[in-house]
Amino acid sequence: MGLGSPSRVLTPGHATEVWKSASQVRGSAAAAQARPPRSALRPRARPLQPQTIEGPGLGPRVSPCAGGVGRAPLTSRRARDPEARGGGAGRVAPPPARRAGAAPPRPAALPEPLPRRLARPSRAMRARRGAQLSQKIGHKKQRLAEADLQRSPLDAAPIPGPEEPRLGRPASLGPQRSVYFSRLKDRPARLGSEFFNQPAVPLAQAFLGQVLVRRLADGTELRGRIVETEAYVGPEDEAAHSRGGRQTARNRAMFMKPGTLYVYLIYGMYFCMNVSSQGDGACVLLRALEPLGGLETMRQLRSTVRKGTASRTLKDRELCSGPSKLCQALAIDKSFDQRDLAQDEALWLEHGPPGPSASAVVAAARVGIGHTGEWAQKPLRFYVRGSPWVSVVDRVAEQNMQV
């Protein structure tokens, strides 16, 4: 206690407080001496070894820490996050460095090979395909050429084979004929005099499948395919109008040149149309047609001359299924007698599609000649088997064909 200072009496409470303060000071100093330095608390960095990073499309690349010792270089968020750089999911950050002792990275997947259909064919394959294509084209040309010859055997020009070269300039400057298309004609060629210049039996068979055309005064054309005929072979035929060589004003057309029309009247009201053939007094009767064009006009012409059932509408198969029905449907009358079918402007014959085969033609007895003896049974009527436009079907003759 100093001089001149006021005396201070320590109470027991003050002594206790002083003792606690001194103890705290001594504890703080001891803790400070026992605490390790700040540098000792910092963890020591491990040396980083250089690493090789591989990836698809990158190639071998050394990590940025190669040869250095210390902490790995820090990168910003834009470097760590590809979307933060603005690249989105499309940009991929380089793969991280592999730590020492870690498993090696998986090898990058190899690009898949091109599909087989996209691969370029070999030279041998291309040559084989070209040969197959040429062979198919050749076969198609040959089939079309054969079909064209069968359709028009009279005026068809010879067609070179698929391997025969076509030399020389075309005969005309217009559209040329191609084996891939039909003839470039406005209408099928009409049959000339040479077609009719054959005996009655082969002519009656040749008529089947041909198209008969009738042009009316107003320009309307009626068409029908011939499906039934009868042959009358001449003076020896007891069923012919020229039997015994008889020639009259009525049957004069039977002795005229082949292709002349012979139209006569039966029962005083119906007409029948015949075409003269090779040989005096021989002709072919046209019995039935398959209507192809102008059916409504045919139906009107038939209705004007019908009696009894004029109110009933005729079916298509009833229009030309008979020699007299045929003349009614085509408006054929006595005025057509002795006309030339090869030259007439109102009635002519055209090439039809390929005719029926021999197995499809039925040879049967003629109709309505029962009083002529043995000639009544001779198979001189020909029709297309299975045609619904035939006037009379002979089941017995068809069965005999199958035997």
# chains A, B, ... in the order shown; residues from 1 in each chain; ligands from 1
$ select_by_dssp --residues "segment 219-329 of chain A" --states "helix (DSSP H, G or I)" --output "VMD selection string"
chain A and resid 243 to 245 252 to 255 295 to 305 316 to 318 323 to 329
$ residues_around --residues "segment 237-251 of chain A" --least-positions-apart "5" --cutoff "9 Å" --atoms "only C-alpha atoms" --output "PyMOL selection string"
chain A and resi 232+262-264+280-283+369-376
$ atom_distance --atom1 "atom CA of Gly293 of chain A" --atom2 "atom CA of Gln210 of chain A"
14.0 Å
$ closest_residue --among "A:Leu286, A:Ala124, A:Leu265, A:Val390" --to "Val361 of chain A" --atoms "only C-alpha atoms"
A:Val390
$ atom_distance --atom1 "atom CA of Ala397 of chain A" --atom2 "atom CA of Ala364 of chain A"
5.8 Å
$ decode --residues "segment 255-267 of chain A" --atoms "all heavy atoms" --output "PDB file, in the first residue's frame"
ATOM      1  N   PHE A 255     -72.498 -66.166-155.583  1.00  0.00           N
ATOM      2  CA  PHE A 255     -71.602 -66.495-156.687  1.00  0.00           C
ATOM      3  C   PHE A 255     -70.683 -65.310-157.033  1.00  0.00           C
ATOM      4  O   PHE A 255     -69.951 -65.402-158.024  1.00  0.00           O
ATOM      5  CB  PHE A 255     -72.421 -66.903-157.915  1.00  0.00           C
ATOM      6  CG  PHE A 255     -73.209 -68.162-157.696  1.00  0.00           C
ATOM      7  CD1 PHE A 255     -74.489 -68.120-157.147  1.00  0.00           C
ATOM      8  CD2 PHE A 255     -72.674 -69.393-158.039  1.00  0.00           C
ATOM      9  CE1 PHE A 255     -75.221 -69.271-156.954  1.00  0.00           C
ATOM     10  CE2 PHE A 255     -73.412 -70.545-157.851  1.00  0.00           C
ATOM     11  CZ  PHE A 255     -74.674 -70.491-157.301  1.00  0.00           C
ATOM     12  N   MET A 256     -70.725 -64.280-156.230  1.00  0.00           N
ATOM     13  CA  MET A 256     -69.865 -63.125-156.472  1.00  0.00           C
ATOM     14  C   MET A 256     -68.544 -63.309-155.713  1.00  0.00           C
ATOM     15  O   MET A 256     -68.328 -64.316-155.037  1.00  0.00           O
ATOM     16  CB  MET A 256     -70.588 -61.843-156.055  1.00  0.00           C
ATOM     17  CG  MET A 256     -71.879 -61.583-156.853  1.00  0.00           C
ATOM     18  SD  MET A 256     -72.805 -60.118-156.306  1.00  0.00           S
ATOM     19  CE  MET A 256     -71.671 -58.826-156.782  1.00  0.00           C
ATOM     20  N   LYS A 257     -67.662 -62.335-155.818  1.00  0.00           N
ATOM     21  CA  LYS A 257     -66.311 -62.478-155.249  1.00  0.00           C
ATOM     22  C   LYS A 257     -66.401 -62.633-153.731  1.00  0.00           C
ATOM     23  O   LYS A 257     -67.377 -62.199-153.089  1.00  0.00           O
ATOM     24  CB  LYS A 257     -65.464 -61.261-155.605  1.00  0.00           C
ATOM     25  CG  LYS A 257     -65.887 -59.972-154.928  1.00  0.00           C
ATOM     26  CD  LYS A 257     -64.906 -58.865-155.255  1.00  0.00           C
ATOM     27  CE  LYS A 257     -65.250 -57.589-154.482  1.00  0.00           C
ATOM     28  NZ  LYS A 257     -64.257 -56.513-154.713  1.00  0.00           N
ATOM     29  N   PRO A 258     -65.383 -63.251-153.114  1.00  0.00           N
ATOM     30  CA  PRO A 258     -65.405 -63.418-151.653  1.00  0.00           C
ATOM     31  C   PRO A 258     -65.477 -62.073-150.940  1.00  0.00           C
ATOM     32  O   PRO A 258     -64.854 -61.095-151.352  1.00  0.00           O
ATOM     33  CB  PRO A 258     -64.077 -64.125-151.356  1.00  0.00           C
ATOM     34  CG  PRO A 258     -63.746 -64.840-152.626  1.00  0.00           C
ATOM     35  CD  PRO A 258     -64.237 -63.954-153.726  1.00  0.00           C
ATOM     36  N   GLY A 259     -66.272 -62.032-149.880  1.00  0.00           N
ATOM     37  CA  GLY A 259     -66.473 -60.814-149.112  1.00  0.00           C
ATOM     38  C   GLY A 259     -67.740 -60.060-149.478  1.00  0.00           C
ATOM     39  O   GLY A 259     -68.018 -59.013-148.887  1.00  0.00           O
ATOM     40  N   THR A 260     -68.540 -60.615-150.416  1.00  0.00           N
ATOM     41  CA  THR A 260     -69.788 -59.960-150.807  1.00  0.00           C
ATOM     42  C   THR A 260     -70.901 -60.339-149.836  1.00  0.00           C
ATOM     43  O   THR A 260     -71.037 -61.506-149.447  1.00  0.00           O
ATOM     44  CB  THR A 260     -70.173 -60.373-152.234  1.00  0.00           C
ATOM     45  OG1 THR A 260     -69.105 -60.042-153.131  1.00  0.00           O
ATOM     46  CG2 THR A 260     -71.441 -59.676-152.682  1.00  0.00           C
ATOM     47  N   LEU A 261     -71.704 -59.361-149.445  1.00  0.00           N
ATOM     48  CA  LEU A 261     -72.795 -59.603-148.504  1.00  0.00           C
ATOM     49  C   LEU A 261     -73.983 -60.245-149.221  1.00  0.00           C
ATOM     50  O   LEU A 261     -74.357 -59.828-150.324  1.00  0.00           O
ATOM     51  CB  LEU A 261     -73.232 -58.298-147.844  1.00  0.00           C
ATOM     52  CG  LEU A 261     -72.230 -57.644-146.875  1.00  0.00           C
ATOM     53  CD1 LEU A 261     -72.785 -56.317-146.385  1.00  0.00           C
ATOM     54  CD2 LEU A 261     -71.928 -58.558-145.703  1.00  0.00           C
ATOM     55  N   TYR A 262     -74.537 -61.264-148.595  1.00  0.00           N
ATOM     56  CA  TYR A 262     -75.744 -61.920-149.090  1.00  0.00           C
ATOM     57  C   TYR A 262     -76.798 -61.793-147.982  1.00  0.00           C
ATOM     58  O   TYR A 262     -76.746 -62.473-146.956  1.00  0.00           O
ATOM     59  CB  TYR A 262     -75.468 -63.375-149.428  1.00  0.00           C
ATOM     60  CG  TYR A 262     -76.694 -64.196-149.743  1.00  0.00           C
ATOM     61  CD1 TYR A 262     -77.738 -63.682-150.524  1.00  0.00           C
ATOM     62  CD2 TYR A 262     -76.835 -65.504-149.284  1.00  0.00           C
ATOM     63  CE1 TYR A 262     -78.869 -64.427-150.811  1.00  0.00           C
ATOM     64  CE2 TYR A 262     -77.956 -66.273-149.575  1.00  0.00           C
ATOM     65  CZ  TYR A 262     -78.972 -65.722-150.333  1.00  0.00           C
ATOM     66  OH  TYR A 262     -80.095 -66.483-150.637  1.00  0.00           O
ATOM     67  N   VAL A 263     -77.794 -60.886-148.184  1.00  0.00           N
ATOM     68  CA  VAL A 263     -78.844 -60.609-147.202  1.00  0.00           C
ATOM     69  C   VAL A 263     -80.169 -61.060-147.814  1.00  0.00           C
ATOM     70  O   VAL A 263     -80.529 -60.656-148.928  1.00  0.00           O
ATOM     71  CB  VAL A 263     -78.897 -59.115-146.838  1.00  0.00           C
ATOM     72  CG1 VAL A 263     -79.987 -58.866-145.793  1.00  0.00           C
ATOM     73  CG2 VAL A 263     -77.535 -58.645-146.308  1.00  0.00           C
ATOM     74  N   TYR A 264     -80.882 -61.908-147.107  1.00  0.00           N
ATOM     75  CA  TYR A 264     -82.165 -62.404-147.606  1.00  0.00           C
ATOM     76  C   TYR A 264     -83.209 -62.327-146.501  1.00  0.00           C
ATOM     77  O   TYR A 264     -82.891 -62.207-145.313  1.00  0.00           O
ATOM     78  CB  TYR A 264     -82.024 -63.842-148.129  1.00  0.00           C
ATOM     79  CG  TYR A 264     -81.564 -64.850-147.112  1.00  0.00           C
ATOM     80  CD1 TYR A 264     -82.483 -65.519-146.304  1.00  0.00           C
ATOM     81  CD2 TYR A 264     -80.213 -65.145-146.974  1.00  0.00           C
ATOM     82  CE1 TYR A 264     -82.073 -66.452-145.380  1.00  0.00           C
ATOM     83  CE2 TYR A 264     -79.782 -66.075-146.049  1.00  0.00           C
ATOM     84  CZ  TYR A 264     -80.709 -66.720-145.247  1.00  0.00           C
ATOM     85  OH  TYR A 264     -80.297 -67.644-144.317  1.00  0.00           O
ATOM     86  N   LEU A 265     -84.474 -62.424-146.896  1.00  0.00           N
ATOM     87  CA  LEU A 265     -85.626 -62.287-146.002  1.00  0.00           C
ATOM     88  C   LEU A 265     -86.204 -63.660-145.697  1.00  0.00           C
ATOM     89  O   LEU A 265     -86.352 -64.502-146.597  1.00  0.00           O
ATOM     90  CB  LEU A 265     -86.686 -61.405-146.649  1.00  0.00           C
ATOM     91  CG  LEU A 265     -87.893 -61.010-145.801  1.00  0.00           C
ATOM     92  CD1 LEU A 265     -87.475 -60.085-144.666  1.00  0.00           C
ATOM     93  CD2 LEU A 265     -88.941 -60.335-146.691  1.00  0.00           C
ATOM     94  N   ILE A 266     -86.538 -63.903-144.425  1.00  0.00           N
ATOM     95  CA  ILE A 266     -87.174 -65.147-144.022  1.00  0.00           C
ATOM     96  C   ILE A 266     -88.471 -64.817-143.283  1.00  0.00           C
ATOM     97  O   ILE A 266     -88.577 -63.792-142.609  1.00  0.00           O
ATOM     98  CB  ILE A 266     -86.253 -66.012-143.132  1.00  0.00           C
ATOM     99  CG1 ILE A 266     -85.885 -65.257-141.856  1.00  0.00           C
ATOM    100  CG2 ILE A 266     -85.004 -66.427-143.867  1.00  0.00           C
ATOM    101  CD1 ILE A 266     -85.137 -66.096-140.832  1.00  0.00           C
ATOM    102  N   TYR A 267     -89.453 -65.683-143.450  1.00  0.00           N
ATOM    103  CA  TYR A 267     -90.772 -65.521-142.833  1.00  0.00           C
ATOM    104  C   TYR A 267     -91.413 -64.185-143.198  1.00  0.00           C
ATOM    105  O   TYR A 267     -92.339 -63.730-142.521  1.00  0.00           O
ATOM    106  CB  TYR A 267     -90.699 -65.654-141.311  1.00  0.00           C
ATOM    107  CG  TYR A 267     -90.029 -66.926-140.844  1.00  0.00           C
ATOM    108  CD1 TYR A 267     -88.903 -66.890-140.044  1.00  0.00           C
ATOM    109  CD2 TYR A 267     -90.559 -68.173-141.210  1.00  0.00           C
ATOM    110  CE1 TYR A 267     -88.293 -68.052-139.610  1.00  0.00           C
ATOM    111  CE2 TYR A 267     -89.964 -69.342-140.779  1.00  0.00           C
ATOM    112  CZ  TYR A 267     -88.829 -69.277-139.988  1.00  0.00           C
ATOM    113  OH  TYR A 267     -88.235 -70.451-139.567  1.00  0.00           O
TER     114      TYR A 267
END
